[in-house]
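Engineer: Got entry_24.txt for you, compact mmCIF, C-alpha atoms:
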```txt
# COMPACT_ATOMS: atom_id res chain seq x y z
CA MET E 1 -25.68 -172.99 68.91
CA TYR E 2 -24.22 -169.70 70.09
CA LYS E 3 -24.81 -168.23 66.62
CA GLN E 4 -28.45 -169.27 66.66
CA VAL E 5 -29.01 -167.67 70.04
CA CYS E 6 -27.43 -164.46 68.79
CA PHE E 7 -29.64 -164.51 65.72
CA PHE E 8 -32.76 -165.09 67.81
CA ALA E 9 -31.79 -162.27 70.19
CA LEU E 10 -31.28 -159.96 67.24
CA ILE E 11 -34.72 -160.74 65.85
CA LEU E 12 -36.26 -160.10 69.26
CA LEU E 13 -34.42 -156.81 69.51
CA ILE E 14 -35.65 -155.67 66.10
CA ALA E 15 -39.20 -156.72 66.93
CA ALA E 16 -39.08 -154.87 70.26
CA CYS E 17 -37.80 -151.67 68.68
CA GLY E 18 -40.15 -151.64 65.71
CA PRO E 19 -43.22 -149.42 65.88
CA ASN E 20 -46.42 -151.01 67.04
CA VAL E 21 -48.62 -150.31 64.04
CA ASP E 22 -51.82 -151.27 65.80
CA ALA E 23 -51.48 -148.84 68.68
CA PRO E 24 -53.31 -145.53 68.26
CA LEU E 25 -51.15 -142.48 67.47
CA PRO E 26 -50.35 -140.45 70.58
CA ILE E 27 -51.97 -137.08 71.26
CA LEU E 28 -49.08 -134.63 71.16
CA GLY E 29 -48.46 -131.69 73.44
CA GLU E 30 -49.37 -130.59 76.95
CA ARG E 31 -52.19 -132.13 78.93
CA ASP E 32 -53.90 -131.43 82.25
CA VAL E 33 -56.02 -133.53 84.54
CA ALA E 34 -59.30 -131.75 85.28
CA PRO E 35 -60.99 -131.79 88.72
CA ASN E 36 -63.38 -134.48 87.51
CA GLY E 37 -60.45 -136.71 86.61
CA ASP E 38 -60.61 -136.31 82.82
CA THR E 39 -57.41 -135.59 80.94
CA ILE E 40 -57.66 -132.38 78.92
CA TYR E 41 -55.39 -132.36 75.89
CA ARG E 42 -54.10 -129.30 74.16
CA SER E 43 -56.15 -128.60 71.05
CA ILE E 44 -56.17 -126.28 68.03
CA PRO E 45 -57.95 -123.01 68.95
CA ASN E 46 -60.59 -121.27 66.86
CA PHE E 47 -59.31 -119.72 63.66
CA ALA E 48 -60.69 -117.96 60.59
CA PHE E 49 -58.71 -117.41 57.39
CA VAL E 50 -59.44 -116.75 53.72
CA ASP E 51 -58.50 -119.21 51.00
CA GLN E 52 -57.43 -118.99 47.33
CA ASP E 53 -61.07 -118.59 46.25
CA SER E 54 -61.82 -115.91 48.88
CA GLN E 55 -63.78 -118.49 50.85
CA LEU E 56 -63.81 -118.50 54.63
CA VAL E 57 -61.79 -121.33 56.14
CA ASN E 58 -62.30 -121.99 59.84
CA ASN E 59 -62.56 -124.93 62.23
CA ALA E 60 -65.95 -125.83 60.78
CA THR E 61 -64.30 -126.41 57.38
CA PHE E 62 -62.69 -129.50 58.89
CA ASP E 63 -65.67 -130.74 60.93
CA GLY E 64 -65.73 -134.52 60.99
CA LYS E 65 -62.48 -134.74 59.04
CA ILE E 66 -58.81 -135.13 59.75
CA TYR E 67 -56.40 -132.74 58.06
CA ALA E 68 -52.73 -132.03 57.39
CA VAL E 69 -51.24 -128.57 57.88
CA ASP E 70 -48.14 -126.74 56.72
CA PHE E 71 -46.70 -123.22 56.57
CA PHE E 72 -45.08 -121.78 53.44
CA PHE E 73 -44.77 -118.69 51.26
CA ILE E 74 -44.82 -118.35 47.50
CA HIS E 75 -41.43 -116.69 47.00
CA CYS E 76 -39.68 -119.03 49.40
CA PRO E 77 -36.18 -119.67 48.05
CA THR E 78 -35.40 -122.61 50.32
CA ILE E 79 -37.39 -125.65 51.45
CA CYS E 80 -40.93 -124.86 50.25
CA PRO E 81 -40.86 -126.61 46.85
CA LYS E 82 -39.65 -129.82 48.49
CA VAL E 83 -42.36 -129.66 51.14
CA LYS E 84 -44.92 -128.92 48.43
CA ALA E 85 -43.72 -131.88 46.35
CA ASN E 86 -44.15 -134.21 49.33
CA GLY E 87 -47.47 -132.53 50.17
CA LEU E 88 -48.59 -133.29 46.62
CA ARG E 89 -47.79 -136.97 47.18
CA ILE E 90 -50.01 -136.95 50.28
CA TYR E 91 -52.71 -135.11 48.30
CA GLN E 92 -52.59 -137.65 45.47
CA LYS E 93 -52.69 -140.58 47.89
CA PHE E 94 -55.92 -139.39 49.56
CA LEU E 95 -57.40 -137.52 46.60
CA ASN E 96 -60.63 -139.50 46.66
CA ASP E 97 -60.93 -139.84 50.42
CA ASP E 98 -63.37 -137.19 51.69
CA ARG E 99 -62.40 -137.85 55.30
CA PHE E 100 -59.05 -136.11 54.74
CA MET E 101 -58.09 -132.54 53.73
CA LEU E 102 -54.99 -130.36 53.53
CA LEU E 103 -54.43 -126.80 54.75
CA SER E 104 -51.45 -124.62 53.79
CA HIS E 105 -50.91 -121.27 55.52
CA SER E 106 -48.98 -118.53 53.79
CA ILE E 107 -46.72 -116.75 56.27
CA ASP E 108 -45.94 -113.92 53.80
CA THR E 109 -49.26 -112.20 54.37
CA LYS E 110 -48.10 -109.01 52.65
CA ASN E 111 -47.24 -110.53 49.25
CA ASP E 112 -49.31 -113.72 49.12
CA THR E 113 -52.68 -112.15 48.39
CA VAL E 114 -55.75 -114.22 47.56
CA ALA E 115 -55.08 -113.63 43.85
CA ALA E 116 -51.43 -114.68 44.22
CA LEU E 117 -52.47 -117.82 46.09
CA LYS E 118 -55.03 -118.60 43.41
CA ARG E 119 -52.42 -118.29 40.67
CA HIS E 120 -49.99 -120.45 42.63
CA VAL E 121 -52.50 -123.21 43.33
CA ASP E 122 -53.80 -123.29 39.75
CA LYS E 123 -50.28 -124.01 38.52
CA LEU E 124 -50.11 -127.02 40.81
CA ASN E 125 -53.37 -128.34 39.40
CA ILE E 126 -54.91 -128.80 42.84
CA ASP E 127 -58.57 -129.29 43.73
CA ALA E 128 -59.34 -126.17 45.79
CA LYS E 129 -61.98 -127.98 47.85
CA LYS E 130 -59.52 -130.61 49.01
CA TRP E 131 -56.45 -128.48 49.67
CA ARG E 132 -57.08 -125.01 51.06
CA PHE E 133 -54.33 -122.37 50.79
CA VAL E 134 -55.04 -119.57 53.26
CA THR E 135 -53.89 -116.12 54.21
CA GLY E 136 -55.01 -113.90 57.07
CA ALA E 137 -53.82 -111.48 59.72
CA ARG E 138 -50.09 -111.94 60.13
CA ASP E 139 -50.22 -112.41 63.90
CA SER E 140 -53.03 -114.96 63.66
CA ILE E 141 -50.99 -117.05 61.20
CA PHE E 142 -47.79 -116.79 63.23
CA GLY E 143 -49.75 -117.53 66.41
CA ILE E 144 -51.49 -120.63 65.10
CA ALA E 145 -48.15 -122.01 63.88
CA ASP E 146 -47.27 -122.38 67.57
CA ASP E 147 -50.47 -124.31 68.19
CA TYR E 148 -49.52 -126.74 65.42
CA PHE E 149 -46.00 -127.05 66.91
CA SER E 150 -44.57 -125.43 63.80
CA ILE E 151 -42.44 -122.33 63.37
CA ALA E 152 -43.28 -119.16 61.45
CA LYS E 153 -41.73 -115.78 62.07
CA GLU E 154 -40.24 -112.84 60.23
CA ASN E 155 -36.47 -112.64 60.10
CA PRO E 156 -34.86 -110.20 57.68
CA ASP E 157 -31.63 -112.24 57.79
CA ALA E 158 -33.29 -115.51 56.72
CA PRO E 159 -33.46 -116.43 53.02
CA GLY E 160 -36.68 -114.88 51.71
CA GLY E 161 -37.26 -112.98 54.96
CA PHE E 162 -38.90 -115.68 57.09
CA ASP E 163 -37.91 -118.42 59.47
CA HIS E 164 -40.21 -121.36 59.14
CA SER E 165 -40.22 -125.10 59.50
CA GLY E 166 -40.99 -127.63 56.79
CA ARG E 167 -43.14 -129.71 59.08
CA ILE E 168 -46.41 -131.22 57.92
CA ILE E 169 -48.75 -131.75 60.88
CA LEU E 170 -51.68 -134.15 61.24
CA VAL E 171 -54.78 -133.03 63.17
CA ASP E 172 -57.60 -135.36 64.19
CA LYS E 173 -61.38 -134.84 64.33
CA ASN E 174 -61.07 -133.54 67.91
CA ARG E 175 -58.57 -130.80 67.00
CA HIS E 176 -55.69 -132.72 68.54
CA VAL E 177 -52.28 -132.90 66.89
CA ARG E 178 -51.48 -136.57 66.38
CA ALA E 179 -48.40 -136.77 64.16
CA PHE E 180 -46.01 -134.73 62.07
CA CYS E 181 -43.21 -135.23 59.58
CA ASN E 182 -40.34 -133.35 58.05
CA GLY E 183 -41.88 -132.32 54.74
CA THR E 184 -38.49 -132.05 53.04
CA ASP E 185 -37.83 -135.76 53.62
CA ALA E 186 -39.54 -138.23 51.29
CA GLU E 187 -39.07 -141.23 53.60
CA ASP E 188 -40.44 -139.41 56.61
CA THR E 189 -43.41 -138.38 54.46
CA ASP E 190 -44.02 -142.06 53.58
CA ARG E 191 -44.17 -142.84 57.29
CA PHE E 192 -46.55 -139.87 57.74
CA ILE E 193 -48.84 -141.27 55.03
CA ARG E 194 -49.03 -144.51 57.02
CA ASP E 195 -49.84 -142.43 60.13
CA ILE E 196 -52.74 -140.82 58.24
CA GLU E 197 -54.03 -144.28 57.33
CA ARG E 198 -53.77 -145.35 60.97
CA LEU E 199 -55.67 -142.28 62.15
CA LEU E 200 -58.39 -142.81 59.54
CA LYS E 201 -58.82 -146.37 60.78
CA GLU E 202 -59.00 -145.20 64.37
CA GLN E 203 -61.43 -142.31 63.85
CA PHE E 204 -63.68 -143.86 61.21
CA PRO E 205 -64.00 -147.46 62.38
CA ALA E 206 -67.38 -148.04 60.73
CA ASN E 207 -66.66 -147.25 57.09
CA LYS E 208 -64.04 -148.43 54.60
CA MET W 1 -17.32 -166.36 58.29
CA GLN W 2 -15.14 -165.54 55.28
CA LYS W 3 -18.12 -165.92 53.01
CA ILE W 4 -20.06 -163.34 54.99
CA LEU W 5 -17.08 -161.01 54.87
CA ILE W 6 -16.79 -161.32 51.10
CA LEU W 7 -20.51 -160.90 50.66
CA SER W 8 -20.71 -157.76 52.79
CA LEU W 9 -17.61 -156.35 51.14
CA SER W 10 -19.02 -156.83 47.66
CA LEU W 11 -22.33 -155.36 48.83
CA ALA W 12 -20.51 -152.33 50.17
CA ILE W 13 -18.62 -151.89 46.89
CA PHE W 14 -21.83 -152.24 44.91
CA TRP W 15 -23.53 -149.71 47.17
CA VAL W 16 -20.72 -147.19 46.78
CA PHE W 17 -20.87 -147.47 42.99
CA ALA W 18 -24.63 -147.36 42.90
CA CYS W 19 -24.68 -144.09 44.86
CA VAL W 20 -21.73 -142.35 43.29
CA GLY W 21 -22.75 -143.55 39.88
CA ASN W 22 -22.68 -140.12 38.30
CA GLN W 23 -19.57 -138.88 36.58
CA TYR W 24 -19.71 -135.39 38.03
CA PRO W 25 -19.49 -135.63 41.82
CA SER W 26 -18.60 -131.99 42.33
CA GLY W 27 -21.42 -130.95 39.99
CA ALA W 28 -23.70 -133.12 42.12
CA ARG W 29 -22.61 -131.27 45.25
CA VAL W 30 -23.29 -127.89 43.65
CA TYR W 31 -26.67 -129.17 42.49
CA LYS W 32 -27.66 -130.36 45.94
CA ALA W 33 -26.56 -127.13 47.57
CA THR W 34 -27.97 -124.59 45.11
CA CYS W 35 -30.54 -126.17 42.78
CA ALA W 36 -32.24 -129.12 44.48
CA ASN W 37 -34.42 -127.05 46.81
CA CYS W 38 -36.53 -125.90 43.88
CA HIS W 39 -35.84 -128.29 41.01
CA LEU W 40 -35.85 -131.20 43.51
CA ASP W 41 -33.34 -134.02 43.94
CA ASP W 42 -34.59 -135.86 40.86
CA GLY W 43 -34.87 -132.77 38.66
CA ALA W 44 -38.63 -133.20 38.44
CA GLY W 45 -39.58 -129.55 39.08
CA LEU W 46 -43.00 -128.65 40.50
CA GLY W 47 -46.23 -128.52 38.52
CA ALA W 48 -46.34 -125.53 36.18
CA LEU W 49 -44.38 -123.45 38.71
CA ILE W 50 -40.85 -124.84 38.48
CA PRO W 51 -39.71 -126.40 35.19
CA PRO W 52 -38.20 -129.89 35.17
CA LEU W 53 -34.51 -130.42 34.48
CA ALA W 54 -35.13 -134.13 33.95
CA ASN W 55 -35.77 -135.15 30.33
CA SER W 56 -35.78 -131.49 29.44
CA ASP W 57 -35.80 -130.40 25.80
CA TYR W 58 -34.88 -126.89 26.93
CA LEU W 59 -31.33 -128.00 27.79
CA ILE W 60 -30.67 -129.07 24.21
CA GLN W 61 -32.44 -126.16 22.55
CA HIS W 62 -30.88 -123.42 24.68
CA ARG W 63 -27.46 -124.85 25.36
CA ASP W 64 -25.65 -121.51 24.95
CA GLN W 65 -27.94 -119.77 27.49
CA LEU W 66 -27.74 -122.27 30.33
CA ALA W 67 -24.63 -120.86 32.02
CA CYS W 68 -26.18 -117.37 32.02
CA ILE W 69 -29.43 -118.66 33.52
CA VAL W 70 -27.53 -120.36 36.35
CA ARG W 71 -25.59 -117.17 37.12
CA TYR W 72 -28.20 -114.46 36.55
CA GLY W 73 -31.54 -116.23 36.84
CA LEU W 74 -34.51 -115.85 34.56
CA ALA W 75 -37.41 -113.41 34.42
CA ASP W 76 -38.76 -114.48 31.07
CA THR W 77 -41.49 -116.92 30.09
CA ILE W 78 -39.96 -120.15 28.82
CA LEU W 79 -41.35 -123.28 27.19
CA VAL W 80 -40.11 -126.63 28.52
CA ASN W 81 -41.43 -129.88 27.09
CA GLY W 82 -44.43 -127.97 25.75
CA ILE W 83 -45.38 -126.37 29.08
CA ARG W 84 -45.14 -122.62 29.72
CA TYR W 85 -43.28 -121.44 32.85
CA GLN W 86 -43.44 -117.81 33.97
CA GLU W 87 -42.10 -117.70 37.52
CA GLN W 88 -38.88 -115.84 38.20
CA MET W 89 -35.77 -117.82 38.91
CA ALA W 90 -33.14 -116.30 41.16
CA GLY W 91 -29.59 -116.43 39.83
CA ILE W 92 -26.69 -117.86 41.79
CA PRO W 93 -24.05 -115.17 41.28
CA ASN W 94 -21.47 -116.68 43.61
CA LEU W 95 -20.86 -119.84 41.54
CA SER W 96 -17.55 -119.89 39.68
CA GLU W 97 -17.22 -120.75 35.99
CA VAL W 98 -15.85 -124.15 37.02
CA GLN W 99 -18.77 -124.82 39.34
CA ILE W 100 -21.24 -123.82 36.64
CA THR W 101 -19.51 -126.15 34.17
CA ASN W 102 -19.67 -129.02 36.63
CA VAL W 103 -23.29 -128.50 37.59
CA LEU W 104 -24.37 -128.20 33.94
CA ASN W 105 -22.58 -131.46 33.19
CA TYR W 106 -24.21 -133.14 36.17
CA ILE W 107 -27.68 -132.00 35.04
CA GLY W 108 -26.98 -132.72 31.37
CA SER W 109 -25.91 -136.31 32.02
CA ASN W 110 -28.64 -137.31 34.48
CA TRP W 111 -32.36 -138.08 34.56
CA GLY W 112 -32.63 -139.04 30.92
CA ASN W 113 -30.73 -136.01 29.62
CA LYS W 114 -28.07 -136.59 27.00
CA VAL W 115 -26.55 -133.15 26.67
CA PRO W 116 -23.00 -133.30 25.25
CA ALA W 117 -20.50 -132.33 27.96
CA PHE W 118 -19.63 -128.66 28.47
CA ARG W 119 -16.02 -127.55 28.51
CA LEU W 120 -14.85 -124.69 30.68
CA GLU W 121 -13.97 -122.54 27.64
CA GLU W 122 -17.49 -122.91 26.29
CA VAL W 123 -19.08 -121.87 29.59
CA ARG W 124 -16.69 -118.92 29.87
CA ALA W 125 -17.61 -117.75 26.36
CA SER W 126 -21.34 -118.11 27.09
CA LEU W 127 -21.01 -116.07 30.28
CA GLN W 128 -19.36 -113.24 28.37
CA SER W 129 -22.39 -112.83 26.11
CA CYS W 130 -25.06 -112.92 28.83
CA ASN W 131 -26.13 -109.31 28.46
CA SER W 132 -27.72 -109.89 25.09
CA LEU W 133 -30.07 -112.44 26.62
CA PRO W 134 -33.46 -111.93 28.23
CA THR W 135 -32.18 -112.77 31.70
CA GLN W 136 -32.76 -110.79 34.84
CA ASP W 137 -30.23 -108.70 36.68
CA THR W 138 -28.83 -110.12 39.92
CA LYS W 139 -30.20 -107.22 41.93
CA THR W 140 -33.79 -108.41 41.42
CA LYS W 141 -32.87 -111.72 43.01
CA GLN W 142 -35.27 -112.86 45.72
```
Would you mind giving the structure from this file in structure tokens?
Structural biologist:
Amino acid sequence: MYKQVCFFALILLIAACGPNVDAPLPILGERDVAPNGDTIYRSIPNFAFVDQDSQLVNNATFDGKIYAVDFFFIHCPTICPKVKANGLRIYQKFLNDDRFMLLSHSIDTKNDTVAALKRHVDKLNIDAKKWRFVTGARDSIFGIADDYFSIAKENPDAPGGFDHSGRIILVDKNRHVRAFCNGTDAEDTDRFIRDIERLLKEQFPANK
Amino acid sequence: MQKILILSLSLAIFWVFACVGNQYPSGARVYKATCANCHLDDGAGLGALIPPLANSDYLIQHRDQLACIVRYGLADTILVNGIRYQEQMAGIPNLSEVQITNVLNYIGSNWGNKVPAFRLEEVRASLQSCNSLPTQDTKTKQ
């Protein structure tokens, strides 16, 4: 009898700790209550960058879509290939889903020119309309990394010359950050893929 | 109770063997620390940017150059499994001859590779003839 109770308690405990897959993903970051009583959530500010095909990429590029963001540089000797490999898994998973896009920012704005980005992306066999690789003014890129809760800064002592995080960040239709994962970790990326599916369900209830 | 104990014990033993299944544990450690960031944990490489080490014909065809590539990197275009790779690889100059031997054996015996094992003398001899090869100097390392 005692054993059965223990077993039951254990099951309850596991059930209580497990994630509630039906609940909407939280909106991450600071929030304020406005005078009219609405809660104002932190959101991604306006931005304008140039992609691997010299096309303008700004907030309008992602209108009515959700998108995943990361920060990298081509000659990155550390985590970037792992993050890219997991990013490619996300890309493949949602390849035919027009409601989702990816956006990679180069933080090495001096070396990663448009031509260099183009060459890099072509070797990964990526559809340039689906996954935009952008460069821009150094301070704008470093600044927007903060808004995505990521890290990008120059550090001559770091391998390759930059400190940066391997996070992949999920942004919703309303410019709110809703989830992130450690892009060097395959299991965490699997969980992130499920988060993307949850957000798609939440923000596009009518179709699919 | 005893049954559960035996079961969990045998599971634990199985798990240990399943994870430490490779014959070159110190080569595996070197791989994880110095190679896996780019060539990835499963040796798959990345698109046409980073060549695969898994099921790689290059390992068999260029056996005598592998130690030099690990130490001094590569600035040349190479052909691996029919695909052309042109990105620079940084060398890892601080690995010892023993570490290079171990890591080559780890790579050569995993992921579908069947490269006959390297002996230390062979790696030492290869490293002495590096200069005649189209490898890059360590100073151009990223």
Engineer: Select, from W:Arg29, W:His62, W:Arg84, W:His39, the residue with the minimum atom-to-atom distance to Tyr106 of chain W, counting only C-alpha atoms.
Structural biologist: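 Smallest separation from Tyr106 of chain W among the options: W:Arg29.
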Engineer: Show me, as an NGL selection string, every residue of chain W with an atom at most 9 Å from chain E, counting all atoms listed in the file.
Structural biologist: :W and (36-41 or 45-50 or 90 or 142)
Engineer: For atom CA of Arg175 of chain E and atom CA of Gln203 of chain E, quote the distance in Å rounded to one decimal.
Structural biologist: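 Pair atom CA of Arg175 of chain E / atom CA of Gln203 of chain E returns 12.3 Å.
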Engineer: Out of W:Leu53, W:Leu79, W:Val103, W:Ala67, which residue has the shortest atom-to-atom distance to Gly91 of chain W when counting only C-alpha atoms?
Structural biologist: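 Checking each candidate against Gly91 of chain W, we get W:Ala67 as the closest.
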Engineer: Enter the distance from atom CA of Ser26 of chain W to atom CA of Pro93 of chain W, in Å, rounded to one decimal.
Structural biologist: 17.7 Å
Engineer: For segment 76-78 of chain W, list every protein, DNA or RNA residue within 12 Å, evaluated using all atoms listed in the file, and leave out those in the same chain fewer than 4 positions away; present the list as a list in words.
Structural biologist: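 My list of contacting residues is Ala48, Leu49, Ile50, Pro51, Pro52, Asp57, Tyr58, Leu59, Gln61, His62, Ile69, Tyr72, Gly82, Ile83, Arg84, Tyr85, Gln86, Glu87, Gln88, Met89, Ala90, Leu133, Pro134, Thr135, Gln136 and Asp137 of chain W.
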Engineer: Distance atom CA of Asn105 of chain W-atom CA of Arg119 of chain W, one decimal place?
Structural biologist: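 Calculated distance between atom CA of Asn105 of chain W and atom CA of Arg119 of chain W is 9.0 Å.
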